[in-house]
Structure formats: C-alpha cells, structure tokens
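Reproduced below: work31.cif, with mmCIF, C-alpha atoms and all ligand atoms.
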data_data
loop_
_atom_site.group_PDB
_atom_site.id
_atom_site.type_symbol
_atom_site.label_atom_id
_atom_site.label_comp_id
_atom_site.auth_asym_id
_atom_site.auth_seq_id
_atom_site.Cartn_x
_atom_site.Cartn_y
_atom_site.Cartn_z
ATOM 1 C CA MET A 30 -34.772 23.640 8.118
ATOM 2 C CA TRP A 31 -34.628 23.604 4.297
ATOM 3 C CA TRP A 32 -32.704 26.906 4.445
ATOM 4 C CA THR A 33 -30.080 25.370 6.738
ATOM 5 C CA GLU A 34 -29.790 22.393 4.401
ATOM 6 C CA LEU A 35 -29.453 24.634 1.333
ATOM 7 C CA LYS A 36 -26.858 26.847 3.027
ATOM 8 C CA ALA A 37 -24.915 23.759 4.031
ATOM 9 C CA ALA A 38 -25.021 22.339 0.490
ATOM 10 C CA VAL A 39 -23.805 25.597 -1.074
ATOM 11 C CA GLY A 40 -21.413 26.468 1.730
ATOM 12 C CA GLN A 41 -19.675 23.114 1.591
ATOM 13 C CA ARG A 42 -18.955 23.742 -2.078
ATOM 14 C CA ILE A 43 -18.095 27.435 -1.973
ATOM 15 C CA ASN A 44 -16.124 28.571 1.052
ATOM 16 C CA MET A 45 -16.222 32.381 0.852
ATOM 17 C CA GLU A 46 -14.052 32.813 3.942
ATOM 18 C CA GLY A 47 -11.637 30.411 2.274
ATOM 19 C CA ILE A 48 -11.534 32.460 -0.922
ATOM 20 C CA VAL A 49 -10.766 35.682 0.954
ATOM 21 C CA SER A 50 -8.086 33.940 3.012
ATOM 22 C CA SER A 51 -6.579 32.369 -0.133
ATOM 23 C CA VAL A 52 -6.116 35.752 -1.750
ATOM 24 C CA ALA A 53 -4.331 37.005 1.388
ATOM 25 C CA VAL A 54 -2.116 33.898 1.439
ATOM 26 C CA PHE A 55 -1.329 34.313 -2.260
ATOM 27 C CA VAL A 56 -0.374 37.965 -1.821
ATOM 28 C CA ARG A 57 1.654 37.905 1.376
ATOM 29 C CA ASP A 58 1.802 34.546 3.219
ATOM 30 C CA ARG A 59 2.619 31.912 0.627
ATOM 31 C CA HIS A 60 4.676 29.818 3.029
ATOM 32 C CA LEU A 61 1.501 29.181 5.062
ATOM 33 C CA ALA A 62 0.106 27.025 2.237
ATOM 34 C CA LEU A 63 3.191 24.786 2.186
ATOM 35 C CA PRO A 64 2.828 21.585 4.233
ATOM 36 C CA HIS A 65 5.670 20.167 6.322
ATOM 37 C CA VAL A 66 4.995 16.746 4.806
ATOM 38 C CA LEU A 67 3.429 15.632 1.508
ATOM 39 C CA VAL A 68 2.079 12.088 1.171
ATOM 40 C CA PRO A 69 -0.165 10.286 -1.330
ATOM 41 C CA ASP A 70 -2.504 9.273 1.531
ATOM 42 C CA ILE A 71 -2.396 8.636 5.272
ATOM 43 C CA ARG A 72 -1.017 5.092 4.876
ATOM 44 C CA TYR A 73 2.372 6.712 4.242
ATOM 45 C CA ILE A 74 2.463 8.407 7.655
ATOM 46 C CA ASP A 75 4.638 6.804 10.318
ATOM 47 C CA TRP A 76 2.464 7.336 13.408
ATOM 48 C CA THR A 77 4.925 5.642 15.757
ATOM 49 C CA GLU A 78 7.741 7.959 14.719
ATOM 50 C CA LEU A 79 5.557 11.048 15.104
ATOM 51 C CA HIS A 80 4.572 9.937 18.606
ATOM 52 C CA ARG A 81 8.246 9.307 19.431
ATOM 53 C CA LYS A 82 9.067 12.849 18.314
ATOM 54 C CA GLY A 83 6.718 14.194 20.982
ATOM 55 C CA PHE A 84 3.399 14.756 19.221
ATOM 56 C CA ARG A 85 0.391 14.187 21.466
ATOM 57 C CA GLY A 86 -2.511 13.967 19.042
ATOM 58 C CA VAL A 87 -3.762 13.902 15.465
ATOM 59 C CA VAL A 88 -6.446 16.056 13.856
ATOM 60 C CA PHE A 89 -7.915 14.892 10.573
ATOM 61 C CA ASP A 90 -9.853 16.760 7.968
ATOM 62 C CA LYS A 91 -12.721 14.537 6.835
ATOM 63 C CA ASP A 92 -13.698 14.832 3.155
ATOM 64 C CA ASN A 93 -11.137 13.326 0.800
ATOM 65 C CA THR A 94 -8.676 12.773 3.658
ATOM 66 C CA ILE A 95 -10.255 9.839 5.508
ATOM 67 C CA THR A 96 -13.658 9.536 3.791
ATOM 68 C CA ALA A 97 -14.987 10.159 0.293
ATOM 69 C CA PRO A 98 -16.647 13.588 0.030
ATOM 70 C CA TYR A 99 -19.952 13.693 1.967
ATOM 71 C CA SER A 100 -19.540 10.053 3.043
ATOM 72 C CA LEU A 101 -19.854 8.961 6.664
ATOM 73 C CA THR A 102 -17.674 5.887 6.380
ATOM 74 C CA LEU A 103 -13.897 5.559 6.240
ATOM 75 C CA TRP A 104 -12.370 5.135 2.798
ATOM 76 C CA GLY A 105 -11.567 1.403 2.746
ATOM 77 C CA PRO A 106 -7.840 1.463 1.935
ATOM 78 C CA VAL A 107 -6.988 3.982 4.676
ATOM 79 C CA SER A 108 -8.875 2.280 7.505
ATOM 80 C CA SER A 109 -5.840 0.152 8.468
ATOM 81 C CA SER A 110 -3.799 3.350 8.894
ATOM 82 C CA ILE A 111 -6.544 4.784 11.126
ATOM 83 C CA ASP A 112 -6.317 1.599 13.214
ATOM 84 C CA ARG A 113 -2.535 1.985 13.496
ATOM 85 C CA CYS A 114 -2.965 5.630 14.452
ATOM 86 C CA LYS A 115 -5.447 4.581 17.158
ATOM 87 C CA SER A 116 -3.009 2.007 18.497
ATOM 88 C CA VAL A 117 -0.354 4.730 18.858
ATOM 89 C CA PHE A 118 -2.361 7.816 19.850
ATOM 90 C CA GLY A 119 -5.355 6.103 21.499
ATOM 91 C CA CYS A 120 -8.210 8.566 22.043
ATOM 92 C CA ASP A 121 -6.032 11.516 21.088
ATOM 93 C CA MET A 122 -7.445 11.684 17.569
ATOM 94 C CA ALA A 123 -10.182 13.943 16.262
ATOM 95 C CA VAL A 124 -11.886 15.155 13.115
ATOM 96 C CA PHE A 125 -12.018 18.898 12.402
ATOM 97 C CA SER A 126 -14.134 19.338 9.307
ATOM 98 C CA ASN A 127 -15.961 22.065 7.448
ATOM 99 C CA SER A 128 -18.811 19.642 6.750
ATOM 100 C CA SER A 129 -19.355 17.861 10.089
ATOM 101 C CA GLY A 130 -19.266 19.501 13.494
ATOM 102 C CA LEU A 131 -19.608 23.046 12.166
ATOM 103 C CA TYR A 132 -22.430 24.696 14.169
ATOM 104 C CA GLU A 133 -23.570 26.698 11.138
ATOM 105 C CA TYR A 134 -24.591 23.554 9.231
ATOM 106 C CA ASP A 135 -24.929 21.066 12.083
ATOM 107 C CA HIS A 136 -26.550 23.170 14.790
ATOM 108 C CA ASP A 137 -27.690 20.271 16.970
ATOM 109 C CA GLY A 138 -24.555 18.185 16.358
ATOM 110 C CA SER A 139 -26.547 15.280 14.891
ATOM 111 C CA LYS A 140 -24.318 14.905 11.810
ATOM 112 C CA ALA A 141 -21.216 14.941 13.972
ATOM 113 C CA ARG A 142 -22.687 12.283 16.296
ATOM 114 C CA LYS A 143 -23.586 10.106 13.320
ATOM 115 C CA LEU A 144 -20.043 10.369 11.949
ATOM 116 C CA GLU A 145 -18.531 9.591 15.370
ATOM 117 C CA GLY A 146 -20.713 6.482 15.571
ATOM 118 C CA LYS A 147 -19.542 5.307 12.143
ATOM 119 C CA ILE A 148 -15.790 5.999 12.318
ATOM 120 C CA GLY A 149 -15.142 5.870 16.066
ATOM 121 C CA ILE A 150 -13.295 9.208 16.157
ATOM 122 C CA LYS A 151 -14.420 12.286 18.071
ATOM 123 C CA VAL A 152 -15.668 15.144 15.856
ATOM 124 C CA ILE A 153 -14.765 18.545 17.269
ATOM 125 C CA ARG A 154 -17.631 21.027 17.224
ATOM 126 C CA HIS A 155 -16.593 24.480 16.057
ATOM 127 C CA ARG A 156 -18.015 27.819 14.956
ATOM 128 C CA VAL A 157 -15.672 29.036 12.219
ATOM 129 C CA LYS A 158 -14.784 27.358 8.943
ATOM 130 C CA LYS A 159 -11.172 26.510 8.190
ATOM 131 C CA PRO A 160 -8.901 28.258 7.312
ATOM 132 C CA ALA A 161 -10.399 31.078 9.389
ATOM 133 C CA GLY A 162 -10.712 30.782 13.145
ATOM 134 C CA THR A 163 -8.270 29.643 15.771
ATOM 135 C CA ALA A 164 -7.235 26.304 17.230
ATOM 136 C CA GLU A 165 -8.975 27.109 20.525
ATOM 137 C CA GLU A 166 -11.590 24.323 20.330
ATOM 138 C CA ILE A 167 -8.932 21.806 19.290
ATOM 139 C CA GLU A 168 -6.467 22.772 22.032
ATOM 140 C CA LYS A 169 -9.266 22.577 24.573
ATOM 141 C CA HIS A 170 -10.233 19.119 23.341
ATOM 142 C CA PHE A 171 -6.670 17.739 23.499
ATOM 143 C CA GLY A 172 -5.532 19.730 26.542
ATOM 144 C CA CYS A 173 -2.296 20.777 24.873
ATOM 145 C CA GLN A 174 -0.950 23.363 22.480
ATOM 146 C CA ALA A 175 -1.432 23.065 18.723
ATOM 147 C CA SER A 176 2.366 22.798 18.317
ATOM 148 C CA GLN A 177 2.110 19.312 19.872
ATOM 149 C CA LEU A 178 -0.573 18.249 17.398
ATOM 150 C CA ILE A 179 -0.632 17.093 13.782
ATOM 151 C CA MET A 180 -3.100 18.426 11.216
ATOM 152 C CA VAL A 181 -3.756 16.089 8.281
ATOM 153 C CA GLY A 182 -5.801 17.287 5.308
ATOM 154 C CA ASP A 183 -6.116 17.326 1.532
ATOM 155 C CA ARG A 184 -6.431 21.074 0.854
ATOM 156 C CA PRO A 185 -3.388 23.392 0.943
ATOM 157 C CA PHE A 186 -5.366 26.630 1.218
ATOM 158 C CA THR A 187 -7.745 25.266 3.833
ATOM 159 C CA ASP A 188 -6.272 22.540 6.039
ATOM 160 C CA VAL A 189 -2.602 23.480 5.648
ATOM 161 C CA VAL A 190 -3.086 27.243 6.000
ATOM 162 C CA PHE A 191 -5.218 26.716 9.109
ATOM 163 C CA GLY A 192 -2.719 24.227 10.558
ATOM 164 C CA ASN A 193 0.388 26.307 9.872
ATOM 165 C CA ARG A 194 -1.190 29.493 11.125
ATOM 166 C CA SER A 195 -2.023 27.796 14.423
ATOM 167 C CA GLY A 196 1.334 26.007 14.856
ATOM 168 C CA PHE A 197 0.447 22.383 13.993
ATOM 169 C CA LEU A 198 2.687 20.009 12.100
ATOM 170 C CA THR A 199 0.895 19.951 8.738
ATOM 171 C CA ILE A 200 0.580 16.901 6.501
ATOM 172 C CA LEU A 201 -0.987 17.252 3.054
ATOM 173 C CA THR A 202 -2.502 14.202 1.375
ATOM 174 C CA GLU A 203 -3.677 13.766 -2.189
ATOM 175 C CA PRO A 204 -7.492 13.560 -2.477
ATOM 176 C CA LEU A 205 -8.995 10.081 -2.111
ATOM 177 C CA SER A 206 -11.632 10.467 -4.810
ATOM 178 C CA LEU A 207 -12.463 13.244 -7.234
ATOM 179 C CA ALA A 208 -15.564 11.496 -8.549
ATOM 180 C CA GLU A 209 -17.984 12.988 -6.008
ATOM 181 C CA GLU A 210 -16.334 16.387 -5.957
ATOM 182 C CA PRO A 211 -18.183 19.286 -7.646
ATOM 183 C CA PHE A 212 -16.581 20.723 -10.805
ATOM 184 C CA ILE A 213 -15.752 24.090 -9.224
ATOM 185 C CA VAL A 214 -14.020 22.453 -6.244
ATOM 186 C CA ARG A 215 -11.936 20.302 -8.607
ATOM 187 C CA GLN A 216 -10.794 23.422 -10.513
ATOM 188 C CA VAL A 217 -9.889 25.284 -7.316
ATOM 189 C CA ARG A 218 -8.018 22.223 -6.063
ATOM 190 C CA LYS A 219 -6.027 22.066 -9.326
ATOM 191 C CA LEU A 220 -5.046 25.718 -8.926
ATOM 192 C CA GLU A 221 -4.018 25.190 -5.296
ATOM 193 C CA VAL A 222 -1.825 22.208 -6.197
ATOM 194 C CA TYR A 223 -0.272 24.097 -9.123
ATOM 195 C CA LEU A 224 0.624 27.056 -6.881
ATOM 196 C CA VAL A 225 2.027 24.929 -4.069
ATOM 197 C CA ASN A 226 4.200 22.923 -6.472
ATOM 198 C CA ARG A 227 5.386 26.126 -8.130
ATOM 199 C CA TRP A 228 6.290 27.723 -4.803
ATOM 200 C CA PHE A 229 8.172 24.593 -3.702
ATOM 201 C CA ARG A 230 10.054 24.543 -7.041
ATOM 202 C CA ARG A 231 11.009 28.173 -6.527
ATOM 203 C CA GLY A 232 12.611 27.240 -3.218
ATOM 204 C CA LEU A 233 9.972 28.533 -0.833
ATOM 205 C CA LYS A 234 10.078 26.537 2.406
ATOM 206 C CA PRO A 235 7.350 25.638 4.906
ATOM 207 C CA ILE A 236 7.604 27.320 8.276
ATOM 208 C CA SER A 237 9.854 25.355 10.609
ATOM 209 C CA HIS A 238 8.464 23.177 13.382
ATOM 210 C CA ALA A 239 10.284 22.913 16.714
ATOM 211 C CA LEU A 240 9.523 19.222 17.365
ATOM 212 C CA ILE A 241 10.700 17.950 14.030
ATOM 213 C CA PRO A 242 13.505 19.596 12.049
ATOM 214 C CA ASP A 243 13.207 17.011 9.253
ATOM 215 C CA PRO A 244 9.531 15.999 8.903
ATOM 216 C CA THR A 245 10.303 13.614 6.027
ATOM 217 C CA GLU A 246 11.548 11.156 8.693
ATOM 218 C CA CYS A 247 7.892 10.478 9.425
ATOM 219 C CA VAL A 248 7.077 9.203 5.937
ATOM 220 C CA LYS A 249 7.317 5.502 5.157
ATOM 221 C CA ASP A 250 6.224 3.052 2.499
ATOM 222 C CA PRO A 251 2.772 1.712 3.329
ATOM 223 C CA PRO A 252 2.221 -1.994 3.994
ATOM 224 C CA PRO A 253 0.751 -3.816 0.985
ATOM 225 C CA LEU A 254 -3.061 -3.826 0.828
HETATM 226 MG MG MG B 1 -10.983 17.763 2.622
#

For this file, produce the structure as structure tokens.
Amino acid sequence: MWWTELKAAVGQRINMEGIVSSVAVFVRDRHLALPHVLVPDIRYIDWTELHRKGFRGVVFDKDNTITAPYSLTLWGPVSSSIDRCKSVFGCDMAVFSNSSGLYEYDHDGSKARKLEGKIGIKVIRHRVKKPAGTAEEIEKHFGCQASQLIMVGDRPFTDVVFGNRSGFLTILTEPLSLAEEPFIVRQVRKLEVYLVNRWFRRGLKPISHALIPDPTECVKDPPPL
C-alpha cells in the first residue's frame, strides 16, 4: 500500500508520459497545445451558448481547474459556474483527472468516490494518464463522440493536447492557485505558458472545430462575486 501511495505522490508531480509527449508536441505538433478558447477561469465560459452550439457534455480536469491541487472540494469562486453548468448540461458533466480516477493510483476507486461525493460530479475511471491514451472511456460515459464534448483544463501540454488529439473543443484556464503546487510543476507550467503564447504570437492557430468556427463567442464576462 505504501508503494502505491509513494508512486501516486511522485507520479502526480512528475508525469513521464507527459514529458515524452511534450517533446513530440514541441517538435512536430505544436498546434495540438493551442486551446480553442483561453479564459482566466471557468466563470468566463458561457455554458448556455456552448449547449446551443450543439455540445452535449463537459469534461473537467480537476487540480487547479475546479479545485485547488490535491483538494477534494470545489474552489469557492468557481462553484457558481459549476452550478450554472449543471443547470445547462445536467448529468452530462464529468471529471477526467490524472490524480483521481486513475486506476494506477486509485485502484479500488475510493478516491474517485470520495471526490464524487464532495463535488457531485461523476469521476471517470481510466487507465492511462493524460495526454496519452484515447477518449474511449469518456465517449463511453457520455454516449457520444469527443467532438461533441468540451475539455476544460489548466495545462496546455496535458489537458489541451489530450483534448485536441481526441477532437474535443478545448478550453484552457489559468491555474486557480499556485501555492500548493510543487516547485518543479510551477517551472514546467511557466515554460508551457511561454511556449503557447509564443506560438500564438507567431500566428500558429489551434486546429479548427466543426461545431464552432469562432469559439470566442462562448466567452463572457463573469457575474460579480
Ligand atoms: Mg490541472
């Protein structure tokens, strides 16, 4: 048991599959790291408009997208946006995280169940860490293709690469809190953000999405807190 815990602690900080994938993205698939939409946090997402455009469900990363890293409760300021999302998409929301629901670190699903109990959103169990793997488990859960789903996350080389590779609409948020994040993760995040901004400035475009030619239509000012 202690070995599983140790592996989980190290693995959640250093994602080797992620590093290998990042090098490949850097060398030949830079557009995969570019999100369709960039927002400060999920309060800026217009869920109603996305539903109107034909999207059938929303997949959230967990850490630093809807909770603080390693926390099991929603980050206070974004909980109203989660409620709005629920009112639009109903049960068609899920968490797809490298820290909860991954069989490697949560073999009996107890962490995922605990998170589901706290935030009221289904946590999809899966075998492969983002950005590797396919959207198979997610498509099975929602009963539709990934192109009808939205992937929301805070990491370009993890959440966005996974989402774009599988055909999701990808929305990148800024991290909610850097305080709990390990030093090495903060440095990697800085590098990712630098590269993405540089590629955007150089005119590189995200891959197009059939349901939404202009994804910026789905961004709005958030209601006051
Ligand atoms: Mg995250």

* To do: Please provide as a PyMOL selection string all residues within 7 Å of range 70-73 of chain A, with the sequence filter that same-chain residues fewer than 2 positions apart are discarded (counting all atoms listed in the file).
  => chain A and resi 68+75+107+110+202-203+248-251

For the file shown, what are the residues hit by the PyMOL selection byres (((not hetatm)) within 8 of (chain B and resi 1)), laid out as a short mmCIF file (atom, residue, chain, number, x, y, z; two decimals) with C-alpha atoms, in the coordinates of the input?
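To be explicit, this is the file written out as expr15.cif:
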data_model
loop_
_atom_site.label_atom_id
_atom_site.label_comp_id
_atom_site.auth_asym_id
_atom_site.auth_seq_id
_atom_site.Cartn_x
_atom_site.Cartn_y
_atom_site.Cartn_z
CA ASP A 90 -9.85 16.76 7.97
CA LYS A 91 -12.72 14.54 6.84
CA ASP A 92 -13.70 14.83 3.16
CA ASN A 93 -11.14 13.33 0.80
CA THR A 94 -8.68 12.77 3.66
CA PRO A 98 -16.65 13.59 0.03
CA SER A 126 -14.13 19.34 9.31
CA GLY A 182 -5.80 17.29 5.31
CA ASP A 183 -6.12 17.33 1.53
CA ARG A 184 -6.43 21.07 0.85
CA ASP A 188 -6.27 22.54 6.04
CA PRO A 204 -7.49 13.56 -2.48
#

* Which value, in Å to one decimal, gives the distance between CA of Leu101 in chain A and CA of Val225 in chain A? ->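 Separation of CA of Leu101 in chain A and CA of Val225 in chain A: 29.1 Å.
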
* To do: To one decimal in Å, tell me the separation between CA of Glu145 in chain A and CA of Met180 in chain A.
  =>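 These two atoms are separated by 18.3 Å.
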
* Option closest in space to Ala208 in chain A, from A:Ile167, A:Lys151, A:Tyr99, A:Val117 [counting only C-alpha atoms] -> A:Tyr99

* **Residue with smallest distance to Glu221 in chain A - pool A:Leu63, A:Gly192, A:Cys173, A:Leu79, counting all atoms listed in the file** => A:Leu63

* Name the residues within 9 Å of (-3.5, 18.0, 16.0), counting all atoms listed in the file in the file's coordinates, and put them as an MDAnalysis selection string. => chainID A and resid 84:89 121:123 167:168 171 174:181 192 197:199

* Structure fact -> Nearest to Thr77 in chain A, restricted to only C-alpha atoms and choosing among A:Ala62, A:Ile200, A:Ile95, A:Cys247, comes out as A:Cys247
